[in-house]
$ cat coords-v4.cif   # mmCIF, C-alpha atoms
data_target
loop_
_atom_site.label_atom_id
_atom_site.label_comp_id
_atom_site.auth_asym_id
_atom_site.auth_seq_id
_atom_site.Cartn_x
_atom_site.Cartn_y
_atom_site.Cartn_z
CA MET U 1331 23.49 16.50 17.55
CA PRO U 1332 22.54 19.62 19.54
CA THR U 1333 20.13 18.82 22.38
CA ASN U 1334 17.08 20.39 20.79
CA LEU U 1335 17.69 18.59 17.48
CA ALA U 1336 18.08 15.29 19.32
CA ARG U 1337 14.90 16.01 21.27
CA ARG U 1338 13.08 16.85 18.07
CA ALA U 1339 14.23 13.59 16.47
CA ALA U 1340 13.17 11.61 19.56
CA LEU U 1341 9.74 13.21 19.47
CA ALA U 1342 9.40 12.46 15.76
CA ASP U 1343 10.44 8.85 16.42
CA ALA U 1344 7.72 8.65 19.05
CA GLY U 1345 5.29 10.01 16.46
CA VAL U 1346 6.35 7.33 13.99
CA ALA U 1347 5.72 4.64 16.62
CA VAL U 1348 2.29 6.07 17.49
CA LEU U 1349 1.32 6.37 13.84
CA ALA U 1350 2.31 2.78 13.06
CA ARG U 1351 0.55 1.41 16.12
CA GLU U 1352 -2.56 3.59 16.29
CA GLY U 1353 -3.05 4.96 12.79
CA ALA U 1354 -3.41 8.58 11.76
CA ARG U 1355 -6.32 9.26 14.08
CA GLY U 1356 -4.27 8.19 17.07
CA LEU U 1357 -1.48 10.60 16.20
CA THR U 1358 -1.90 13.58 18.50
CA HIS U 1359 0.59 15.87 20.20
CA ARG U 1360 -0.54 14.38 23.50
CA ALA U 1361 0.12 10.81 22.28
CA VAL U 1362 3.61 11.87 21.16
CA ASP U 1363 4.27 13.36 24.59
CA ALA U 1364 3.16 10.13 26.25
CA GLU U 1365 5.06 7.85 23.86
CA SER U 1366 8.29 9.79 24.33
CA GLY U 1367 7.86 10.15 28.08
CA SER U 1368 7.89 13.94 27.78
CA PRO U 1369 5.93 16.43 29.87
CA LEU U 1370 2.55 17.33 28.41
CA GLY U 1371 2.95 20.19 25.92
CA THR U 1372 6.44 19.22 24.74
CA ALA U 1373 5.38 18.07 21.28
CA SER U 1374 3.31 21.23 20.86
CA ASN U 1375 6.38 23.30 21.65
CA TYR U 1376 8.32 21.63 18.85
CA PHE U 1377 5.50 21.18 16.34
CA ARG U 1378 3.06 24.05 16.32
CA ASP U 1379 0.14 22.23 14.72
CA ARG U 1380 -0.75 18.96 13.04
CA SER U 1381 0.80 20.02 9.73
CA ALA U 1382 4.11 20.73 11.43
CA LEU U 1383 3.93 17.38 13.22
CA LEU U 1384 3.27 15.52 9.96
CA ALA U 1385 6.10 17.40 8.24
CA ALA U 1386 8.47 16.45 11.06
CA LEU U 1387 7.46 12.79 10.74
CA VAL U 1388 8.05 12.83 6.99
CA GLN U 1389 11.47 14.41 7.52
CA ARG U 1390 12.36 11.87 10.22
CA ILE U 1391 11.23 8.93 8.09
CA GLY U 1392 13.47 10.25 5.32
CA GLU U 1393 16.41 10.40 7.74
CA ARG U 1394 15.80 6.88 9.04
CA LEU U 1395 15.36 5.50 5.51
CA ALA U 1396 18.49 7.18 4.18
CA PRO U 1397 21.03 4.65 2.91
CA ASP U 1398 24.27 4.13 4.81
CA PRO U 1399 27.08 5.71 2.73
CA ALA U 1400 29.34 2.77 3.62
CA VAL U 1401 26.84 0.30 2.16
CA LEU U 1402 26.38 2.47 -0.92
CA ALA U 1403 30.15 2.51 -1.40
CA VAL U 1404 30.19 -1.30 -1.39
CA LEU U 1405 27.24 -1.47 -3.77
CA ALA U 1406 28.93 1.01 -6.10
CA GLU U 1407 31.74 -1.54 -6.60
CA HIS U 1408 29.36 -3.84 -8.52
CA PRO U 1409 29.58 -3.27 -12.25
CA PRO U 1410 26.48 -1.24 -13.17
CA GLY U 1411 23.82 -3.59 -14.51
CA ARG U 1412 20.92 -5.76 -13.50
CA GLU U 1413 22.71 -7.51 -10.64
CA ALA U 1414 23.71 -4.16 -9.13
CA TYR U 1415 20.14 -2.99 -9.60
CA ALA U 1416 18.85 -6.03 -7.73
CA GLU U 1417 21.30 -5.31 -4.90
CA TYR U 1418 20.02 -1.74 -4.56
CA LEU U 1419 16.42 -3.01 -4.49
CA ARG U 1420 17.30 -5.59 -1.85
CA TYR U 1421 18.91 -2.87 0.23
CA ILE U 1422 15.77 -0.71 -0.01
CA LEU U 1423 13.62 -3.69 1.03
CA GLN U 1424 15.97 -4.47 3.88
CA ARG U 1425 15.60 -0.93 5.21
CA LEU U 1426 11.79 -0.97 4.92
CA LEU U 1427 11.11 -4.52 6.15
CA GLY U 1428 13.78 -4.22 8.83
CA ASP U 1429 11.98 -1.28 10.42
CA ALA U 1430 8.31 -2.26 10.27
CA PRO U 1431 7.01 0.72 12.30
CA LEU U 1432 8.75 3.06 9.87
CA ALA U 1433 7.25 1.39 6.80
CA LEU U 1434 3.80 1.12 8.38
CA ALA U 1435 3.93 4.78 9.45
CA LEU U 1436 4.77 5.71 5.88
CA PHE U 1437 1.72 3.82 4.61
CA GLU U 1438 -0.39 5.61 7.23
CA LEU U 1439 0.96 8.96 6.06
CA ARG U 1440 0.11 8.11 2.48
CA LEU U 1441 -3.45 7.18 3.41
CA GLU U 1442 -3.66 10.38 5.44
CA SER U 1443 -2.64 12.27 2.30
CA ALA U 1444 -5.81 10.95 0.62
CA ARG U 1445 -7.81 12.61 3.41
CA ARG U 1446 -6.04 15.87 4.14
CA PRO U 1447 -4.60 18.29 1.58
CA GLU U 1448 -1.93 19.55 4.00
CA ALA U 1449 -0.68 15.97 4.44
CA ALA U 1450 -0.79 15.45 0.67
CA ALA U 1451 1.31 18.57 0.10
CA THR U 1452 4.06 17.49 2.51
CA ILE U 1453 4.14 13.81 1.59
CA GLY U 1454 3.64 14.40 -2.12
CA GLN U 1455 6.58 16.77 -2.25
CA TRP U 1456 8.78 14.32 -0.38
CA GLN U 1457 7.76 11.44 -2.66
CA ARG U 1458 8.31 13.41 -5.84
CA GLU U 1459 11.73 14.55 -4.63
CA ALA U 1460 12.66 10.97 -3.73
CA PHE U 1461 11.49 9.77 -7.14
CA ALA U 1462 13.52 12.47 -8.90
CA ALA U 1463 16.55 11.58 -6.75
CA ASP U 1464 16.16 7.91 -7.71
CA ILE U 1465 16.11 8.83 -11.38
CA ALA U 1466 19.18 11.03 -11.00
CA PHE U 1467 21.03 8.38 -8.96
CA THR U 1468 20.24 5.65 -11.50
CA ALA U 1469 21.52 7.76 -14.38
CA GLN U 1470 24.62 8.89 -12.51
CA ALA U 1471 25.49 5.32 -11.42
CA GLY U 1472 25.12 4.10 -15.00
CA LEU U 1473 22.35 1.68 -13.95
CA PRO U 1474 19.74 0.52 -16.46
CA GLY U 1475 16.24 1.96 -16.55
CA GLY U 1476 14.67 5.39 -16.64
CA ALA U 1477 11.69 7.07 -15.03
CA ARG U 1478 9.21 4.50 -16.33
CA GLU U 1479 11.10 1.49 -15.01
CA ILE U 1480 11.82 3.22 -11.70
CA ALA U 1481 8.10 3.97 -11.28
CA LEU U 1482 7.28 0.28 -11.88
CA PHE U 1483 9.80 -0.74 -9.24
CA HIS U 1484 8.31 1.80 -6.82
CA TYR U 1485 4.82 0.36 -7.27
CA ALA U 1486 6.00 -3.23 -6.96
CA ILE U 1487 8.22 -2.59 -3.93
CA ASP U 1488 5.45 -0.65 -2.14
CA GLY U 1489 2.98 -3.46 -2.80
CA LEU U 1490 5.49 -6.09 -1.71
CA VAL U 1491 6.31 -4.27 1.54
CA LEU U 1492 2.61 -3.82 2.33
CA ASP U 1493 2.08 -7.51 1.60
CA ARG U 1494 4.99 -8.73 3.72
CA LEU U 1495 4.19 -6.53 6.71
CA THR U 1496 0.53 -7.54 6.75
CA THR U 1497 -0.90 -10.82 5.38
CA PRO U 1498 1.40 -12.18 2.66
CA ILE U 1499 -0.28 -13.90 -0.28
CA ASP U 1500 2.82 -15.92 -1.21
CA PRO U 1501 4.99 -16.10 1.92
CA GLN U 1502 6.99 -19.14 0.76
CA THR U 1503 8.72 -17.04 -1.92
CA GLY U 1504 11.53 -15.07 -0.30
CA THR U 1505 11.85 -11.36 -1.01
CA ASP U 1506 15.24 -11.93 -2.68
CA GLU U 1507 13.50 -14.20 -5.18
CA VAL U 1508 10.76 -11.63 -5.73
CA VAL U 1509 13.39 -8.97 -6.43
CA ASP U 1510 15.16 -11.27 -8.90
CA ALA U 1511 11.85 -11.96 -10.66
CA LEU U 1512 11.07 -8.23 -10.79
CA VAL U 1513 14.47 -7.30 -12.17
CA ALA U 1514 14.28 -10.12 -14.71
CA ALA U 1515 10.81 -8.93 -15.71
CA VAL U 1516 11.72 -5.28 -16.15
CA PHE U 1517 15.15 -5.78 -17.74
CA GLY U 1518 14.60 -9.11 -19.51
CA PRO U 1519 15.87 -12.55 -18.50
CA ALA U 1520 19.39 -12.98 -17.11
CA GLY U 1521 22.08 -12.83 -19.75
CA GLY U 1522 19.64 -10.97 -22.03
CA MET O 1066 -32.32 -9.20 -1.42
CA PRO O 1067 -34.22 -9.97 1.81
CA THR O 1068 -34.61 -6.90 3.97
CA ASN O 1069 -32.14 -7.96 6.64
CA LEU O 1070 -29.48 -8.84 4.05
CA ALA O 1071 -29.97 -5.46 2.37
CA ARG O 1072 -29.73 -3.78 5.77
CA ARG O 1073 -26.58 -5.72 6.55
CA ALA O 1074 -25.03 -4.67 3.23
CA ALA O 1075 -26.00 -1.02 3.81
CA LEU O 1076 -24.40 -1.11 7.26
CA ALA O 1077 -21.24 -2.69 5.82
CA ASP O 1078 -21.15 -0.01 3.12
CA ALA O 1079 -21.37 2.61 5.86
CA GLY O 1080 -18.47 0.85 7.58
CA VAL O 1081 -16.41 0.98 4.39
CA ALA O 1082 -17.08 4.73 4.10
CA VAL O 1083 -16.12 5.34 7.73
CA LEU O 1084 -12.97 3.24 7.42
CA ALA O 1085 -11.82 5.06 4.28
CA ARG O 1086 -12.53 8.49 5.75
CA GLU O 1087 -11.51 8.04 9.38
CA GLY O 1088 -9.12 5.11 9.41
CA ALA O 1089 -9.35 1.95 11.50
CA ARG O 1090 -9.50 3.80 14.78
CA GLY O 1091 -12.57 5.72 13.64
CA LEU O 1092 -14.41 2.51 12.77
CA THR O 1093 -16.80 1.86 15.64
CA HIS O 1094 -20.29 0.40 15.76
CA ARG O 1095 -21.54 3.84 16.76
CA ALA O 1096 -19.87 5.49 13.75
CA VAL O 1097 -21.48 2.90 11.46
CA ASP O 1098 -24.88 3.65 12.99
CA ALA O 1099 -24.37 7.37 12.42
CA GLU O 1100 -23.01 6.96 8.88
CA SER O 1101 -25.95 4.78 7.84
CA GLY O 1102 -28.54 6.93 9.60
CA SER O 1103 -29.56 3.97 11.76
CA PRO O 1104 -30.73 4.07 15.37
CA LEU O 1105 -27.93 3.62 17.91
CA GLY O 1106 -27.33 -0.07 18.51
CA THR O 1107 -28.23 -1.24 15.00
CA ALA O 1108 -24.69 -2.13 13.94
CA SER O 1109 -24.17 -4.01 17.21
CA ASN O 1110 -27.29 -6.05 16.47
CA TYR O 1111 -25.85 -7.15 13.14
CA PHE O 1112 -22.17 -7.41 14.08
CA ARG O 1113 -21.66 -8.72 17.61
CA ASP O 1114 -18.14 -7.37 18.09
CA ARG O 1115 -15.29 -5.71 16.22
CA SER O 1116 -14.16 -8.98 14.66
CA ALA O 1117 -17.64 -9.57 13.23
CA LEU O 1118 -17.72 -6.00 11.93
CA LEU O 1119 -14.34 -6.38 10.23
CA ALA O 1120 -15.39 -9.73 8.73
CA ALA O 1121 -18.58 -8.11 7.36
CA LEU O 1122 -16.53 -5.33 5.79
CA VAL O 1123 -14.16 -7.79 4.15
CA GLN O 1124 -17.12 -9.74 2.77
CA ARG O 1125 -18.78 -6.58 1.49
CA ILE O 1126 -15.58 -5.35 -0.15
CA GLY O 1127 -15.35 -8.72 -1.89
CA GLU O 1128 -18.92 -8.33 -3.17
CA ARG O 1129 -18.33 -4.80 -4.41
CA LEU O 1130 -15.04 -5.76 -6.07
CA ALA O 1131 -16.51 -8.82 -7.79
CA PRO O 1132 -16.28 -8.58 -11.58
CA ASP O 1133 -19.45 -8.13 -13.61
CA PRO O 1134 -20.14 -11.46 -15.39
CA ALA O 1135 -21.18 -9.53 -18.52
CA VAL O 1136 -17.78 -7.79 -18.65
CA LEU O 1137 -15.98 -11.07 -18.03
CA ALA O 1138 -17.92 -12.63 -20.92
CA VAL O 1139 -16.69 -9.86 -23.24
CA LEU O 1140 -13.12 -10.18 -21.97
CA ALA O 1141 -13.27 -13.96 -22.50
CA GLU O 1142 -13.75 -13.33 -26.22
CA HIS O 1143 -10.18 -12.03 -26.51
CA PRO O 1144 -7.77 -14.75 -27.55
CA PRO O 1145 -5.89 -15.75 -24.39
CA GLY O 1146 -2.57 -13.98 -24.32
CA ARG O 1147 -0.82 -10.84 -23.15
CA GLU O 1148 -3.42 -8.43 -24.56
CA ALA O 1149 -6.23 -10.29 -22.80
CA TYR O 1150 -4.12 -10.25 -19.63
CA ALA O 1151 -3.70 -6.48 -19.92
CA GLU O 1152 -7.48 -6.10 -20.32
CA TYR O 1153 -8.11 -8.07 -17.13
CA LEU O 1154 -5.59 -5.92 -15.25
CA ARG O 1155 -7.19 -2.74 -16.58
CA TYR O 1156 -10.57 -4.01 -15.43
CA ILE O 1157 -9.21 -4.68 -11.91
CA LEU O 1158 -7.70 -1.20 -11.81
CA GLN O 1159 -10.94 0.33 -13.04
CA ARG O 1160 -12.85 -1.32 -10.20
CA LEU O 1161 -10.35 -0.23 -7.56
CA LEU O 1162 -9.65 3.31 -8.79
CA GLY O 1163 -13.32 3.84 -9.67
CA ASP O 1164 -14.35 3.25 -6.06
CA ALA O 1165 -11.72 5.08 -4.04
CA PRO O 1166 -13.41 4.57 -0.64
CA LEU O 1167 -13.45 0.82 -1.29
CA ALA O 1168 -9.77 0.69 -2.21
CA LEU O 1169 -8.76 2.97 0.66
CA ALA O 1170 -10.81 0.90 3.12
CA LEU O 1171 -9.03 -2.19 1.89
CA PHE O 1172 -5.64 -0.57 2.58
CA GLU O 1173 -6.87 0.40 6.04
CA LEU O 1174 -7.94 -3.19 6.69
CA ARG O 1175 -4.55 -4.45 5.62
CA LEU O 1176 -2.78 -2.03 7.95
CA GLU O 1177 -5.18 -3.08 10.70
CA SER O 1178 -4.13 -6.67 10.07
CA ALA O 1179 -0.56 -5.68 11.02
CA ARG O 1180 -1.95 -4.54 14.38
CA ARG O 1181 -4.61 -7.09 15.31
CA PRO O 1182 -4.41 -10.86 14.87
CA GLU O 1183 -8.20 -11.19 14.45
CA ALA O 1184 -8.09 -8.74 11.55
CA ALA O 1185 -5.10 -10.59 10.08
CA ALA O 1186 -6.98 -13.90 10.24
CA THR O 1187 -10.03 -12.55 8.38
CA ILE O 1188 -8.20 -10.47 5.81
CA GLY O 1189 -5.38 -12.96 5.31
CA GLN O 1190 -7.84 -15.75 4.56
CA TRP O 1191 -9.72 -13.55 2.09
CA GLN O 1192 -6.50 -12.50 0.35
CA ARG O 1193 -5.15 -16.02 0.09
CA GLU O 1194 -8.47 -17.25 -1.32
CA ALA O 1195 -8.51 -14.42 -3.86
CA PHE O 1196 -4.91 -15.20 -4.85
CA ALA O 1197 -5.74 -18.92 -5.29
CA ALA O 1198 -8.83 -17.96 -7.32
CA ASP O 1199 -6.68 -15.73 -9.55
CA ILE O 1200 -4.27 -18.58 -10.17
CA ALA O 1201 -7.14 -20.99 -10.96
CA PHE O 1202 -8.85 -18.44 -13.23
CA THR O 1203 -5.63 -17.71 -15.13
CA ALA O 1204 -5.01 -21.41 -15.75
CA GLN O 1205 -8.61 -22.12 -16.71
CA ALA O 1206 -8.74 -19.15 -19.14
CA GLY O 1207 -5.50 -20.28 -20.78
CA LEU O 1208 -3.81 -16.99 -19.86
CA PRO O 1209 -0.05 -16.79 -19.48
CA GLY O 1210 1.66 -16.71 -16.10
CA GLY O 1211 1.53 -18.75 -12.92
CA ALA O 1212 1.60 -18.02 -9.21
CA ARG O 1213 4.89 -16.13 -9.38
CA GLU O 1214 3.77 -13.75 -12.13
CA ILE O 1215 0.36 -13.26 -10.52
CA ALA O 1216 2.05 -12.33 -7.22
CA LEU O 1217 4.20 -9.74 -9.04
CA PHE O 1218 1.08 -8.24 -10.62
CA HIS O 1219 -0.61 -8.14 -7.21
CA TYR O 1220 2.30 -6.22 -5.69
CA ALA O 1221 2.53 -3.80 -8.60
CA ILE O 1222 -1.22 -3.18 -8.83
CA ASP O 1223 -1.49 -2.61 -5.07
CA GLY O 1224 1.39 -0.14 -5.17
CA LEU O 1225 -0.04 1.61 -8.22
CA VAL O 1226 -3.50 1.96 -6.65
CA LEU O 1227 -2.00 3.32 -3.43
CA ASP O 1228 0.06 5.75 -5.49
CA ARG O 1229 -2.81 6.97 -7.66
CA LEU O 1230 -5.24 7.41 -4.76
CA THR O 1231 -2.74 9.38 -2.70
CA THR O 1232 0.20 11.40 -4.06
CA PRO O 1233 1.24 10.00 -7.46
CA ILE O 1234 4.96 10.05 -8.23
CA ASP O 1235 4.45 9.94 -12.01
CA PRO O 1236 0.93 11.23 -12.69
CA GLN O 1237 1.56 12.09 -16.33
CA THR O 1238 1.80 8.39 -17.22
CA GLY O 1239 -1.73 7.00 -17.54
CA THR O 1240 -2.62 3.75 -15.77
CA ASP O 1241 -3.25 2.03 -19.13
CA GLU O 1242 0.34 2.78 -20.07
CA VAL O 1243 1.56 1.48 -16.71
CA VAL O 1244 -0.40 -1.75 -17.26
CA ASP O 1245 1.08 -2.14 -20.73
CA ALA O 1246 4.58 -1.59 -19.33
CA LEU O 1247 3.93 -4.14 -16.56
CA VAL O 1248 2.59 -6.77 -18.91
CA ALA O 1249 5.46 -6.18 -21.33
CA ALA O 1250 7.88 -6.50 -18.42
CA VAL O 1251 6.48 -9.73 -17.03
CA PHE O 1252 5.71 -11.44 -20.35
CA GLY O 1253 8.41 -9.90 -22.54
CA PRO O 1254 8.03 -7.20 -25.20
CA ALA O 1255 5.02 -7.24 -27.57
CA GLY O 1256 5.28 -9.81 -30.34
CA GLY O 1257 7.83 -11.72 -28.23
#

$ encode --input "coords-v4.cif" --output "structure tokens"
Amino acid sequence: MPTNLARRAALADAGVAVLAREGARGLTHRAVDAESGSPLGTASNYFRDRSALLAALVQRIGERLAPDPAVLAVLAEHPPGREAYAEYLRYILQRLLGDAPLALALFELRLESARRPEAAATIGQWQREAFAADIAFTAQAGLPGGAREIALFHYAIDGLVLDRLTTPIDPQTGTDEVVDALVAAVFGPAGG
Amino acid sequence: MPTNLARRAALADAGVAVLAREGARGLTHRAVDAESGSPLGTASNYFRDRSALLAALVQRIGERLAPDPAVLAVLAEHPPGREAYAEYLRYILQRLLGDAPLALALFELRLESARRPEAAATIGQWQREAFAADIAFTAQAGLPGGAREIALFHYAIDGLVLDRLTTPIDPQTGTDEVVDALVAAVFGPAGG
């Protein structure tokens, strides 16, 4: 990665950490400078204003959440069907729950999008593109379910991640079990 | 309501508004005073410290989210089953989506509980009690589903509310349709 791209990514990572820890109001260029150990003014050099900073965070979250092609290749060996679907969902959960600051920062960005139209524009576009990509991937992989089912999984996975990273209502049920129950619910009982 | 209870509720409502608009970091006793048009120091008189303020907000959110007994009486006339279940879910959604600051403040409190143990204690206890009450209500009303199904609905409804109050991925599908799809998923297709 060229130096300035690596620097940009490091600053965005610092922004993600600040956002998760302090919330949207704590996210300032100055806080990003401090978090990344950069001289004052560095974040402002890379991200002109708050909109640019938010856009950089969204982009960085997308990069960090991107699936590992090697894992996808293994998952693609499963015959397409409900079990493969459950594996993909488990892999999404693993990426979100395994990087709590990332998932929490994403929730903060979504709440910020309820407050500020410029945040809503950036995050909304990213979310709609991700949703469209999920639909295209599902169809191309021959997996069950269309837009409606994928939307239900999105809602349930978001709620589950929020629950598990905060104050779980049903902590004794493992997330693998929750995924199995969800897949069984949406696609009918096993063997069906 | 005695004057000091009404004053306490008004201050908590101001806190909910501040929390939804400014996030957890914007929630201070001073901001609650300003939001409620009270003299400086009023919120501190009612809520000794931040923990007491958060606890008051959780209590107030519970009061505002409480179902109307008259509506529950009408819902109880449905024969217990999937359609009645869908009606209860629609009523929950109506209360959450119909009072966006309330729902957004609740998300802020949950994110705050990932940051501060005292917030987690208050909110976690409230959530676990509400979950237990849902399970008891479902059993007592003769509705289908146990703890596992109720947890799935919680996750999906939370994710749906977050989605609809921020940047919806699938806005052309109405929430009634999403509820029908969820209920059909969890309890099997209609007539089944």

$ atom_distance --input "coords-v4.cif" --atom1 "CA of Ala1460 in chain U" --atom2 "CA of Glu1417 in chain U"
18.5 Å

$ resolve_selection --input "coords-v4.cif" --expression "the PyMOL selection byres ((chain U and resi 1389-1399) around 8)" --output "PyMOL selection string"
chain U and resi 1339+1342-1343+1346+1385-1388+1400-1403+1425-1426+1432+1436

$ closest_atom_pairs --input "coords-v4.cif" --of "chain U" --to "chain O" --cutoff "9 Å" --atoms "all atoms listed in the file" --output "CSV"
residue,atom,partner,partner_atom,distance
U:Ala1350,CA,O:Arg1180,CA,8.6
U:Arg1351,CA,O:Arg1180,CA,6.7
U:Glu1352,CA,O:Arg1090,CA,7.1
U:Gly1353,CA,O:Arg1090,CA,6.8
U:Ala1354,CA,O:Gly1088,CA,7.1
U:Arg1355,CA,O:Arg1090,CA,6.4
U:Gly1356,CA,O:Arg1090,CA,7.2
U:Leu1434,CA,O:Leu1176,CA,7.3
U:Phe1437,CA,O:Leu1176,CA,8.1
U:Glu1438,CA,O:Leu1176,CA,8.0
U:Arg1440,CA,O:Thr1231,CA,6.0
U:Leu1441,CA,O:Thr1231,CA,6.5
U:Glu1442,CA,O:Thr1231,CA,8.3
U:Ser1443,CA,O:Thr1231,CA,5.8
U:Ala1444,CA,O:Thr1231,CA,4.8
U:Arg1445,CA,O:Arg1086,CA,6.7
U:Ala1450,CA,O:Thr1232,CA,6.3
U:Ala1451,CA,O:Thr1232,CA,8.4
U:Ile1453,CA,O:Thr1232,CA,7.3
U:Gly1454,CA,O:Thr1232,CA,5.0
U:Gln1455,CA,O:Thr1232,CA,8.5
U:Gln1457,CA,O:Ile1234,CA,6.4
U:Arg1458,CA,O:Ile1234,CA,5.3
U:Glu1459,CA,O:Ile1234,CA,8.9
U:Ala1460,CA,O:Ile1234,CA,9.0
U:Phe1461,CA,O:Ile1234,CA,6.6
U:Ala1462,CA,O:Ile1234,CA,8.9
U:Ala1477,CA,O:Asp1235,CA,8.4
U:Arg1478,CA,O:Ala1246,CA,8.2
U:Glu1479,CA,O:Ala1246,CA,8.4
U:Ala1481,CA,O:Asp1235,CA,7.0
U:Leu1482,CA,O:Ala1221,CA,7.1
U:Phe1483,CA,O:Ala1221,CA,7.9
U:His1484,CA,O:Gly1224,CA,7.4
U:Tyr1485,CA,O:Gly1224,CA,4.1
U:Ala1486,CA,O:Ala1221,CA,3.9
U:Ile1487,CA,O:Tyr1220,CA,7.2
U:Asp1488,CA,O:Gly1224,CA,5.1
U:Gly1489,CA,O:Tyr1220,CA,4.1
U:Leu1490,CA,O:Tyr1220,CA,5.1
U:Val1491,CA,O:Tyr1220,CA,8.5
U:Leu1492,CA,O:Arg1175,CA,7.9
U:Asp1493,CA,O:Tyr1220,CA,7.4
U:Leu1495,CA,O:Ala1179,CA,6.5
U:Thr1496,CA,O:Ala1179,CA,4.8
U:Thr1497,CA,O:Gly1189,CA,5.0
U:Pro1498,CA,O:Gly1189,CA,7.3
U:Ile1499,CA,O:Arg1193,CA,5.3
U:Asp1500,CA,O:Ala1216,CA,7.0
U:Thr1503,CA,O:Arg1213,CA,8.4
U:Val1508,CA,O:Leu1217,CA,7.6
U:Ala1511,CA,O:Leu1217,CA,8.1
U:Leu1512,CA,O:Leu1217,CA,7.2
U:Ala1514,CA,O:Val1251,CA,8.1
U:Ala1515,CA,O:Val1251,CA,4.6
U:Val1516,CA,O:Ala1250,CA,4.6
U:Phe1517,CA,O:Ala1250,CA,7.3
U:Gly1518,CA,O:Gly1253,CA,6.9
U:Pro1519,CA,O:Gly1253,CA,8.9

$ write_last_selection --input "coords-v4.cif" --atoms "C-alpha atoms" --output "short mmCIF file (atom, residue, chain, number, x, y, z; two decimals), in the frame of the given file"
data_model
loop_
_atom_site.label_atom_id
_atom_site.label_comp_id
_atom_site.auth_asym_id
_atom_site.auth_seq_id
_atom_site.Cartn_x
_atom_site.Cartn_y
_atom_site.Cartn_z
CA ALA U 1350 2.31 2.78 13.06
CA ARG U 1351 0.55 1.41 16.12
CA GLU U 1352 -2.56 3.59 16.29
CA GLY U 1353 -3.05 4.96 12.79
CA ALA U 1354 -3.41 8.58 11.76
CA ARG U 1355 -6.32 9.26 14.08
CA GLY U 1356 -4.27 8.19 17.07
CA LEU U 1434 3.80 1.12 8.38
CA PHE U 1437 1.72 3.82 4.61
CA GLU U 1438 -0.39 5.61 7.23
CA ARG U 1440 0.11 8.11 2.48
CA LEU U 1441 -3.45 7.18 3.41
CA GLU U 1442 -3.66 10.38 5.44
CA SER U 1443 -2.64 12.27 2.30
CA ALA U 1444 -5.81 10.95 0.62
CA ARG U 1445 -7.81 12.61 3.41
CA ALA U 1450 -0.79 15.45 0.67
CA ALA U 1451 1.31 18.57 0.10
CA ILE U 1453 4.14 13.81 1.59
CA GLY U 1454 3.64 14.40 -2.12
CA GLN U 1455 6.58 16.77 -2.25
CA GLN U 1457 7.76 11.44 -2.66
CA ARG U 1458 8.31 13.41 -5.84
CA GLU U 1459 11.73 14.55 -4.63
CA ALA U 1460 12.66 10.97 -3.73
CA PHE U 1461 11.49 9.77 -7.14
CA ALA U 1462 13.52 12.47 -8.90
CA ALA U 1477 11.69 7.07 -15.03
CA ARG U 1478 9.21 4.50 -16.33
CA GLU U 1479 11.10 1.49 -15.01
CA ALA U 1481 8.10 3.97 -11.28
CA LEU U 1482 7.28 0.28 -11.88
CA PHE U 1483 9.80 -0.74 -9.24
CA HIS U 1484 8.31 1.80 -6.82
CA TYR U 1485 4.82 0.36 -7.27
CA ALA U 1486 6.00 -3.23 -6.96
CA ILE U 1487 8.22 -2.59 -3.93
CA ASP U 1488 5.45 -0.65 -2.14
CA GLY U 1489 2.98 -3.46 -2.80
CA LEU U 1490 5.49 -6.09 -1.71
CA VAL U 1491 6.31 -4.27 1.54
CA LEU U 1492 2.61 -3.82 2.33
CA ASP U 1493 2.08 -7.51 1.60
CA LEU U 1495 4.19 -6.53 6.71
CA THR U 1496 0.53 -7.54 6.75
CA THR U 1497 -0.90 -10.82 5.38
CA PRO U 1498 1.40 -12.18 2.66
CA ILE U 1499 -0.28 -13.90 -0.28
CA ASP U 1500 2.82 -15.92 -1.21
CA THR U 1503 8.72 -17.04 -1.92
CA VAL U 1508 10.76 -11.63 -5.73
CA ALA U 1511 11.85 -11.96 -10.66
CA LEU U 1512 11.07 -8.23 -10.79
CA ALA U 1514 14.28 -10.12 -14.71
CA ALA U 1515 10.81 -8.93 -15.71
CA VAL U 1516 11.72 -5.28 -16.15
CA PHE U 1517 15.15 -5.78 -17.74
CA GLY U 1518 14.60 -9.11 -19.51
CA PRO U 1519 15.87 -12.55 -18.50
#

$ atom_distance --input "coords-v4.cif" --atom1 "CA of Pro1409 in chain U" --atom2 "CA of Gly1476 in chain U"
17.8 Å

$ residues_near_point --input "coords-v4.cif" --point "(26.7, -1.2, -5.8)" --cutoff "12 Å" --atoms "only C-alpha atoms" --output "NGL selection string"
:U and (1397 or 1399-1421 or 1467-1468 or 1471-1473)

$ atom_distance --input "coords-v4.cif" --atom1 "CA of His1359 in chain U" --atom2 "CA of Ala1382 in chain U"
10.6 Å

$ closest_residue --input "coords-v4.cif" --among "U:Gly1504, U:Leu1341, U:Pro1431, U:Ala1336" --to "Asp1363 in chain U" --atoms "only C-alpha atoms"
U:Leu1341

$ residues_around --input "coords-v4.cif" --residues "Asn1334 in chain U" --least-positions-apart "2" --cutoff "12 Å" --atoms "all atoms listed in the file" --output "list in words"
Met1331, Pro1332, Ala1336, Arg1337, Arg1338, Ala1339, Ala1340, Leu1341, Thr1372, Ala1373, Asn1375 and Tyr1376 of chain U
